[in-house]
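Asker: Right, I'll just put the structure down here and ask away after.
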Amino acid sequence: MHRQTVTIYEERGLQWARSHARAGRKGDAARFAAQVGDGVLRLDIGCGAGRYAPHLGRPLIGLDASQVMLRECSVHAPGALYVRGDVEALPFSSGSIGGGWSCMTHLHVPRLRLPLALWDLQRVLAVGAPFDLQVLAGDYEGSDLPDDVIGGRFFAGWQPELLADVVTGAGFEVDPGSVCLSGDEGRLR
């Protein structure tokens with residue numbers, strides 16, 4: 001993950017969390033939890049301050065590159081396990097995770113590096129495990145995103161067709177009806 005972005009979350013992550021406390025995708029998170037199933041290990045990739053962790057089911061691993069965000073997430077989902085790690089080098093064995101949830105995390109990975117990051121995620125997921133990915137829609141890539149009140153974080157936007165190609169190339173099957181754009185965010189399941 002972009003190093004400067006991790007540093008910014010360490011320094012100003014709680015400010016970001018306060019301004020983004022509402023979990024707008026609770027219904028999607030609950031559907032994801034049901035797809036994974038009871039008692040199956042799932043991964044909240046870039047769990048941040050824990051907006052979705054309480055809705056993703058258990059057992060849950062919250063992964064984040066920022067220690068500040070992991071501590072905040074543990075307040076919202078005290079029963080989860082927490083791992084400090086990078087979405088581009090997942091510290092899990094092959095096939096060990098039953099589902100992956102990535103809400104606005106992989107948008108901090110440069111476009112050229114996303115295929116390998118997704119391949120690594122595909123490696124750690126069990127065969128047939130559900131994966132929900134939401135990223136920024138568009139063509140923007142850089143650290144000066146307009147209207148970013150936190151400032152300095154790296155963002156990479158995606159067009160739906162190209163994102164679907166990258167996800168498929170990483171070994172995932174894409175449900176054709178699941179690639180959608182909502183405002184300035186893209187979601188792929």
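Chains: A, B, ... in order of the structure tokens. Residues: from 1 per chain. Ligands: from 1, in order shown.
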Considering only C-alpha atoms, return as an NGL selection string whatever protein or nucleic-acid residues lie within 12 Å of Gly24 (chain A), sequence-local ones (same chain, fewer than 2 positions apart) excluded.

Answerer: :A and (20-22 or 26-30 or 51-52 or 55 or 103 or 182)

Asker: Please write the residues from the selection above to a file, keeping C-alpha atoms, as a PDB file, in the first residue's frame.

Answerer:
ATOM      1  CA  HIS A  20     -16.783   8.730   7.775  1.00  0.00           C
ATOM      2  CA  ALA A  21     -18.430   7.014  10.741  1.00  0.00           C
ATOM      3  CA  ARG A  22     -21.639   6.092   8.902  1.00  0.00           C
ATOM      4  CA  LYS A  26     -24.472  -2.201   6.012  1.00  0.00           C
ATOM      5  CA  GLY A  27     -26.879  -4.227   3.875  1.00  0.00           C
ATOM      6  CA  ASP A  28     -24.055  -5.298   1.541  1.00  0.00           C
ATOM      7  CA  ALA A  29     -21.939  -6.233   4.564  1.00  0.00           C
ATOM      8  CA  ALA A  30     -24.763  -8.374   5.985  1.00  0.00           C
ATOM      9  CA  ARG A  51     -17.348   0.940  10.130  1.00  0.00           C
ATOM     10  CA  TYR A  52     -18.208  -2.466   8.688  1.00  0.00           C
ATOM     11  CA  HIS A  55     -21.697  -6.318  10.234  1.00  0.00           C
ATOM     12  CA  CYS A 103     -14.410  -1.383   1.023  1.00  0.00           C
ATOM     13  CA  SER A 182     -22.514   4.638  -7.348  1.00  0.00           C
TER      14      SER A 182
END

Asker: What's around region 160-167 of chain A at 7 Å? Count only C-alpha atoms, leave out sequence neighbours fewer than 3 positions away in its own chain, and write the answer as a PyMOL selection string.

Answerer: chain A and resi 115+118+170-172+174+179

Asker: Write out as a ChimeraX atom specification all residues of region 83-185 of chain A that backbone DSSP assigns to strand (DSSP E).

Answerer: /A:83-84,100-103,131-136,141-142,155-156,180-182,185

Asker: Using only C-alpha atoms for the distances, tell me which of A:Phe32, A:Arg113, A:Thr105, A:Asp86 is nearest to Gly48 (chain A).

Answerer: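 Looking only at the distances to Gly48 (chain A), the closest residue turns out to be A:Thr105.
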
Asker: Pick out the residues sitting within 10 Å of Arg12 (chain A), and hand them over as a PyMOL selection string; count only C-alpha atoms, and ignore anything fewer than 3 positions along from it in its own chain.

Answerer: chain A and resi 6-9+15-17+68-69+150-151

Asker: Val36 (chain A): which residues within 10 Å, counting only C-alpha atoms, same-chain residues fewer than 6 positions away excluded, as a VMD selection string?

Answerer: chain A and resid 30 42 56 to 58 97 to 100 128 to 131

Asker: Check the smallest atom-to-atom distance from each of A:Thr168, A:Ser102, A:Ser66, A:Gln35 to Leu116 (chain A) using only C-alpha atoms, then report the winner.

Answerer: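 Smallest separation from Leu116 (chain A) among the options: A:Thr168.
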
Asker: Find, counting only C-alpha atoms, the residue in A:Arg31, A:His2, A:Arg71, A:Arg123 that gets nearest to Phe155 (chain A).

Answerer: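 Using only C-alpha atoms, the shortest distance to Phe155 (chain A) belongs to A:His2.
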
Asker: Taking the DSSP assignment computed from this structure's backbone, write out as a PDB file with N, CA and C atoms, in the first residue's frame all residues of region 27-82 of chain A that belong to alpha helix (DSSP H).

Answerer:
ATOM      1  N   GLY A  27     -26.144  -3.136   4.514  1.00  0.00           N
ATOM      2  CA  GLY A  27     -26.879  -4.227   3.875  1.00  0.00           C
ATOM      3  C   GLY A  27     -25.965  -5.123   3.055  1.00  0.00           C
ATOM      4  N   ASP A  28     -25.026  -4.513   2.311  1.00  0.00           N
ATOM      5  CA  ASP A  28     -24.055  -5.298   1.541  1.00  0.00           C
ATOM      6  C   ASP A  28     -23.170  -6.117   2.469  1.00  0.00           C
ATOM      7  N   ALA A  29     -22.781  -5.520   3.593  1.00  0.00           N
ATOM      8  CA  ALA A  29     -21.939  -6.233   4.564  1.00  0.00           C
ATOM      9  C   ALA A  29     -22.684  -7.431   5.142  1.00  0.00           C
ATOM     10  N   ALA A  30     -23.958  -7.263   5.449  1.00  0.00           N
ATOM     11  CA  ALA A  30     -24.763  -8.374   5.985  1.00  0.00           C
ATOM     12  C   ALA A  30     -24.921  -9.476   4.938  1.00  0.00           C
ATOM     13  N   ARG A  31     -25.128  -9.110   3.676  1.00  0.00           N
ATOM     14  CA  ARG A  31     -25.230 -10.115   2.599  1.00  0.00           C
ATOM     15  C   ARG A  31     -23.909 -10.860   2.442  1.00  0.00           C
ATOM     16  N   PHE A  32     -22.802 -10.118   2.519  1.00  0.00           N
ATOM     17  CA  PHE A  32     -21.482 -10.744   2.452  1.00  0.00           C
ATOM     18  C   PHE A  32     -21.327 -11.755   3.585  1.00  0.00           C
ATOM     19  N   ALA A  33     -21.689 -11.354   4.807  1.00  0.00           N
ATOM     20  CA  ALA A  33     -21.585 -12.250   5.968  1.00  0.00           C
ATOM     21  C   ALA A  33     -22.384 -13.523   5.739  1.00  0.00           C
ATOM     22  N   ALA A  34     -23.582 -13.391   5.187  1.00  0.00           N
ATOM     23  CA  ALA A  34     -24.421 -14.567   4.922  1.00  0.00           C
ATOM     24  C   ALA A  34     -23.789 -15.460   3.851  1.00  0.00           C
ATOM     25  N   GLN A  35     -23.160 -14.858   2.840  1.00  0.00           N
ATOM     26  CA  GLN A  35     -22.496 -15.637   1.791  1.00  0.00           C
ATOM     27  C   GLN A  35     -21.335 -16.437   2.356  1.00  0.00           C
ATOM     28  N   VAL A  36     -20.583 -15.825   3.258  1.00  0.00           N
ATOM     29  CA  VAL A  36     -19.439 -16.525   3.846  1.00  0.00           C
ATOM     30  C   VAL A  36     -19.930 -17.679   4.711  1.00  0.00           C
ATOM     31  N   GLN A  67      -1.691   1.085  12.719  1.00  0.00           N
ATOM     32  CA  GLN A  67      -1.950   0.650  14.096  1.00  0.00           C
ATOM     33  C   GLN A  67      -3.058   1.492  14.735  1.00  0.00           C
ATOM     34  N   VAL A  68      -3.103   2.775  14.419  1.00  0.00           N
ATOM     35  CA  VAL A  68      -4.144   3.659  14.948  1.00  0.00           C
ATOM     36  C   VAL A  68      -5.522   3.157  14.522  1.00  0.00           C
ATOM     37  N   MET A  69      -5.660   2.786  13.264  1.00  0.00           N
ATOM     38  CA  MET A  69      -6.941   2.310  12.766  1.00  0.00           C
ATOM     39  C   MET A  69      -7.299   0.962  13.377  1.00  0.00           C
ATOM     40  N   LEU A  70      -6.338   0.091  13.551  1.00  0.00           N
ATOM     41  CA  LEU A  70      -6.617  -1.208  14.181  1.00  0.00           C
ATOM     42  C   LEU A  70      -7.130  -1.028  15.608  1.00  0.00           C
ATOM     43  N   ARG A  71      -6.514  -0.133  16.354  1.00  0.00           N
ATOM     44  CA  ARG A  71      -6.981   0.119  17.725  1.00  0.00           C
ATOM     45  C   ARG A  71      -8.412   0.635  17.724  1.00  0.00           C
ATOM     46  N   GLU A  72      -8.729   1.542  16.816  1.00  0.00           N
ATOM     47  CA  GLU A  72     -10.087   2.086  16.749  1.00  0.00           C
ATOM     48  C   GLU A  72     -11.080   1.003  16.324  1.00  0.00           C
ATOM     49  N   CYS A  73     -10.704   0.168  15.395  1.00  0.00           N
ATOM     50  CA  CYS A  73     -11.588  -0.904  14.945  1.00  0.00           C
ATOM     51  C   CYS A  73     -11.902  -1.860  16.089  1.00  0.00           C
ATOM     52  N   SER A  74     -10.920  -2.115  16.939  1.00  0.00           N
ATOM     53  CA  SER A  74     -11.130  -3.059  18.051  1.00  0.00           C
ATOM     54  C   SER A  74     -12.183  -2.551  19.032  1.00  0.00           C
ATOM     55  N   VAL A  75     -12.431  -1.256  19.058  1.00  0.00           N
ATOM     56  CA  VAL A  75     -13.489  -0.689  19.895  1.00  0.00           C
ATOM     57  C   VAL A  75     -14.856  -1.086  19.343  1.00  0.00           C
ATOM     58  N   HIS A  76     -14.988  -1.110  18.016  1.00  0.00           N
ATOM     59  CA  HIS A  76     -16.266  -1.390  17.359  1.00  0.00           C
ATOM     60  C   HIS A  76     -16.526  -2.884  17.171  1.00  0.00           C
TER      61      HIS A  76
END

Asker: Expressed in Å to a single decimal, how great is the separation between CA of Leu133 (chain A) and CA of Arg153 (chain A)?

Answerer: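 Atom-to-atom, CA of Leu133 (chain A) to CA of Arg153 (chain A), that is 19.2 Å.
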
Asker: Which one of A:Leu60, A:Leu43, A:Trp158, A:Asp147 sits closest to Leu121 (chain A) if you count only C-alpha atoms?

Answerer: A:Leu43

Asker: Taking 3 positions as the minimum chain separation for residues in the same chain, which residues sit within 12 Å of Glu141 (chain A) when counting only C-alpha atoms? Answer as a ChimeraX atom specification.

Answerer: /A:2,107-112,136-138,144-146,153-159

Asker: Find the residues near Val87 (chain A): any atom within 10 Å, counting only C-alpha atoms, skip ones fewer than 2 places away on the same chain, and give them as a list in words.

Answerer: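 Using only C-alpha atoms, the neighbours found are Met1, Ile45, Gly46, Leu63, Asp64, Ala65, Arg84, Gly85, Ala89, Leu90, Pro91, Ser102, Thr105, His106, His108, Val109, Leu114, Ala117, Leu118, Asp120 and Leu121 of chain A.
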
Asker: Take the residues that were just selected and, keeping all heavy atoms, output them as a compact mmCIF listing (two decimals), in the first residue's frame.

Answerer:
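The new file again_22.txt reads:
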# COMPACT_ATOMS: atom_id res chain seq x y z
N MET A 1 0.84 -1.17 0.00
CA MET A 1 0.00 0.00 0.00
C MET A 1 0.89 1.24 0.00
O MET A 1 2.00 1.21 0.52
CB MET A 1 -0.90 -0.02 1.24
CG MET A 1 -1.93 1.03 1.25
SD MET A 1 -3.12 0.68 2.56
CE MET A 1 -3.81 2.25 2.75
N ILE A 45 -10.46 -6.36 4.81
CA ILE A 45 -9.19 -5.89 4.24
C ILE A 45 -9.16 -4.37 4.30
O ILE A 45 -9.95 -3.70 3.65
CB ILE A 45 -9.06 -6.37 2.78
CG1 ILE A 45 -9.25 -7.88 2.70
CG2 ILE A 45 -7.73 -5.92 2.19
CD1 ILE A 45 -9.67 -8.37 1.35
N GLY A 46 -8.25 -3.83 5.10
CA GLY A 46 -8.23 -2.40 5.32
C GLY A 46 -9.41 -2.00 6.19
O GLY A 46 -10.19 -1.13 5.85
N LEU A 63 -7.68 -6.48 9.04
CA LEU A 63 -6.33 -6.21 8.55
C LEU A 63 -6.23 -4.74 8.21
O LEU A 63 -7.09 -4.20 7.51
CB LEU A 63 -6.04 -7.04 7.29
CG LEU A 63 -4.72 -6.72 6.59
CD1 LEU A 63 -3.59 -7.52 7.23
CD2 LEU A 63 -4.81 -7.00 5.11
N ASP A 64 -5.18 -4.08 8.68
CA ASP A 64 -4.94 -2.70 8.31
C ASP A 64 -3.45 -2.42 8.45
O ASP A 64 -2.77 -3.05 9.27
CB ASP A 64 -5.74 -1.73 9.19
CG ASP A 64 -6.02 -0.42 8.48
OD1 ASP A 64 -5.09 0.41 8.34
OD2 ASP A 64 -7.17 -0.24 8.03
N ALA A 65 -2.96 -1.48 7.65
CA ALA A 65 -1.54 -1.09 7.73
C ALA A 65 -1.29 -0.08 8.84
O ALA A 65 -0.15 0.14 9.22
CB ALA A 65 -1.09 -0.51 6.39
N ARG A 84 -1.79 -6.32 11.71
CA ARG A 84 -1.22 -5.17 11.00
C ARG A 84 -0.46 -5.72 9.81
O ARG A 84 0.47 -6.53 9.96
CB ARG A 84 -0.30 -4.37 11.92
CG ARG A 84 0.16 -3.09 11.27
CD ARG A 84 0.91 -2.22 12.23
NE ARG A 84 1.23 -0.94 11.63
CZ ARG A 84 1.97 -0.03 12.18
NH1 ARG A 84 2.46 -0.24 13.40
NH2 ARG A 84 2.21 1.10 11.57
N GLY A 85 -0.89 -5.31 8.62
CA GLY A 85 -0.26 -5.83 7.42
C GLY A 85 -0.62 -5.01 6.20
O GLY A 85 -1.43 -4.08 6.26
N ALA A 89 0.81 -7.63 0.37
CA ALA A 89 1.60 -8.78 0.83
C ALA A 89 0.89 -9.38 2.03
O ALA A 89 1.27 -9.17 3.18
CB ALA A 89 3.02 -8.33 1.19
N LEU A 90 -0.15 -10.13 1.76
CA LEU A 90 -1.00 -10.66 2.83
C LEU A 90 -0.29 -11.75 3.63
O LEU A 90 0.26 -12.69 3.04
CB LEU A 90 -2.31 -11.18 2.24
CG LEU A 90 -3.17 -10.10 1.59
CD1 LEU A 90 -4.32 -10.73 0.82
CD2 LEU A 90 -3.68 -9.11 2.61
N PRO A 91 -0.31 -11.64 4.95
CA PRO A 91 0.42 -12.58 5.80
C PRO A 91 -0.43 -13.81 6.20
O PRO A 91 -0.48 -14.18 7.37
CB PRO A 91 0.75 -11.72 7.03
CG PRO A 91 -0.43 -10.80 7.15
CD PRO A 91 -0.84 -10.51 5.73
N SER A 102 -13.38 -5.73 0.95
CA SER A 102 -12.47 -4.62 0.75
C SER A 102 -13.26 -3.39 0.33
O SER A 102 -13.55 -3.20 -0.85
CB SER A 102 -11.42 -4.96 -0.32
OG SER A 102 -10.60 -3.84 -0.59
N THR A 105 -10.40 0.24 0.13
CA THR A 105 -9.02 0.00 0.58
C THR A 105 -8.08 -0.13 -0.61
O THR A 105 -7.05 0.53 -0.66
CB THR A 105 -8.94 -1.28 1.44
OG1 THR A 105 -9.73 -1.09 2.61
CG2 THR A 105 -7.51 -1.60 1.83
N HIS A 106 -8.45 -0.98 -1.57
CA HIS A 106 -7.57 -1.20 -2.71
C HIS A 106 -7.44 0.04 -3.60
O HIS A 106 -6.60 0.08 -4.49
CB HIS A 106 -8.04 -2.41 -3.51
CG HIS A 106 -7.65 -3.71 -2.88
ND1 HIS A 106 -8.44 -4.37 -1.98
CD2 HIS A 106 -6.51 -4.43 -2.99
CE1 HIS A 106 -7.83 -5.47 -1.59
NE2 HIS A 106 -6.65 -5.53 -2.19
N HIS A 108 -6.14 2.59 -2.61
CA HIS A 108 -4.85 3.15 -2.19
C HIS A 108 -3.67 2.39 -2.79
O HIS A 108 -2.52 2.67 -2.44
CB HIS A 108 -4.73 3.17 -0.66
CG HIS A 108 -5.72 4.08 0.01
ND1 HIS A 108 -5.85 5.41 -0.31
CD2 HIS A 108 -6.61 3.84 1.00
CE1 HIS A 108 -6.79 5.95 0.46
NE2 HIS A 108 -7.27 5.02 1.25
N VAL A 109 -3.93 1.43 -3.67
CA VAL A 109 -2.88 0.67 -4.34
C VAL A 109 -2.75 1.23 -5.76
O VAL A 109 -3.75 1.33 -6.48
CB VAL A 109 -3.25 -0.83 -4.40
CG1 VAL A 109 -2.20 -1.61 -5.19
CG2 VAL A 109 -3.39 -1.41 -2.99
N LEU A 114 -2.06 -3.20 -8.57
CA LEU A 114 -3.30 -3.85 -8.14
C LEU A 114 -3.42 -5.29 -8.64
O LEU A 114 -3.86 -6.16 -7.87
CB LEU A 114 -4.52 -3.04 -8.56
CG LEU A 114 -5.84 -3.60 -8.02
CD1 LEU A 114 -5.89 -3.51 -6.50
CD2 LEU A 114 -7.02 -2.88 -8.64
N ALA A 117 -1.63 -7.49 -6.20
CA ALA A 117 -2.29 -7.46 -4.89
C ALA A 117 -3.54 -8.33 -4.90
O ALA A 117 -3.81 -9.07 -3.94
CB ALA A 117 -2.63 -6.03 -4.49
N LEU A 118 -4.32 -8.26 -5.97
CA LEU A 118 -5.52 -9.09 -6.06
C LEU A 118 -5.18 -10.56 -6.25
O LEU A 118 -5.88 -11.43 -5.74
CB LEU A 118 -6.43 -8.58 -7.18
CG LEU A 118 -7.08 -7.22 -6.93
CD1 LEU A 118 -7.93 -6.82 -8.13
CD2 LEU A 118 -7.89 -7.21 -5.65
N ASP A 120 -2.63 -11.99 -4.92
CA ASP A 120 -2.26 -12.44 -3.58
C ASP A 120 -3.51 -12.69 -2.73
O ASP A 120 -3.56 -13.66 -1.97
CB ASP A 120 -1.33 -11.43 -2.89
CG ASP A 120 -0.68 -11.98 -1.65
OD1 ASP A 120 -0.30 -13.18 -1.64
OD2 ASP A 120 -0.57 -11.23 -0.67
N LEU A 121 -4.51 -11.84 -2.87
CA LEU A 121 -5.76 -12.06 -2.15
C LEU A 121 -6.43 -13.34 -2.64
O LEU A 121 -6.90 -14.15 -1.83
CB LEU A 121 -6.70 -10.87 -2.34
CG LEU A 121 -8.08 -11.04 -1.72
CD1 LEU A 121 -7.99 -11.25 -0.21
CD2 LEU A 121 -8.94 -9.83 -2.03

Asker: Grab the CA of Phe92 (chain A) to CA of Val40 (chain A) distance for me, in Å with one decimal place.

Answerer: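 Computing the Euclidean distance for CA of Phe92 (chain A) and CA of Val40 (chain A) yields 15.0 Å.
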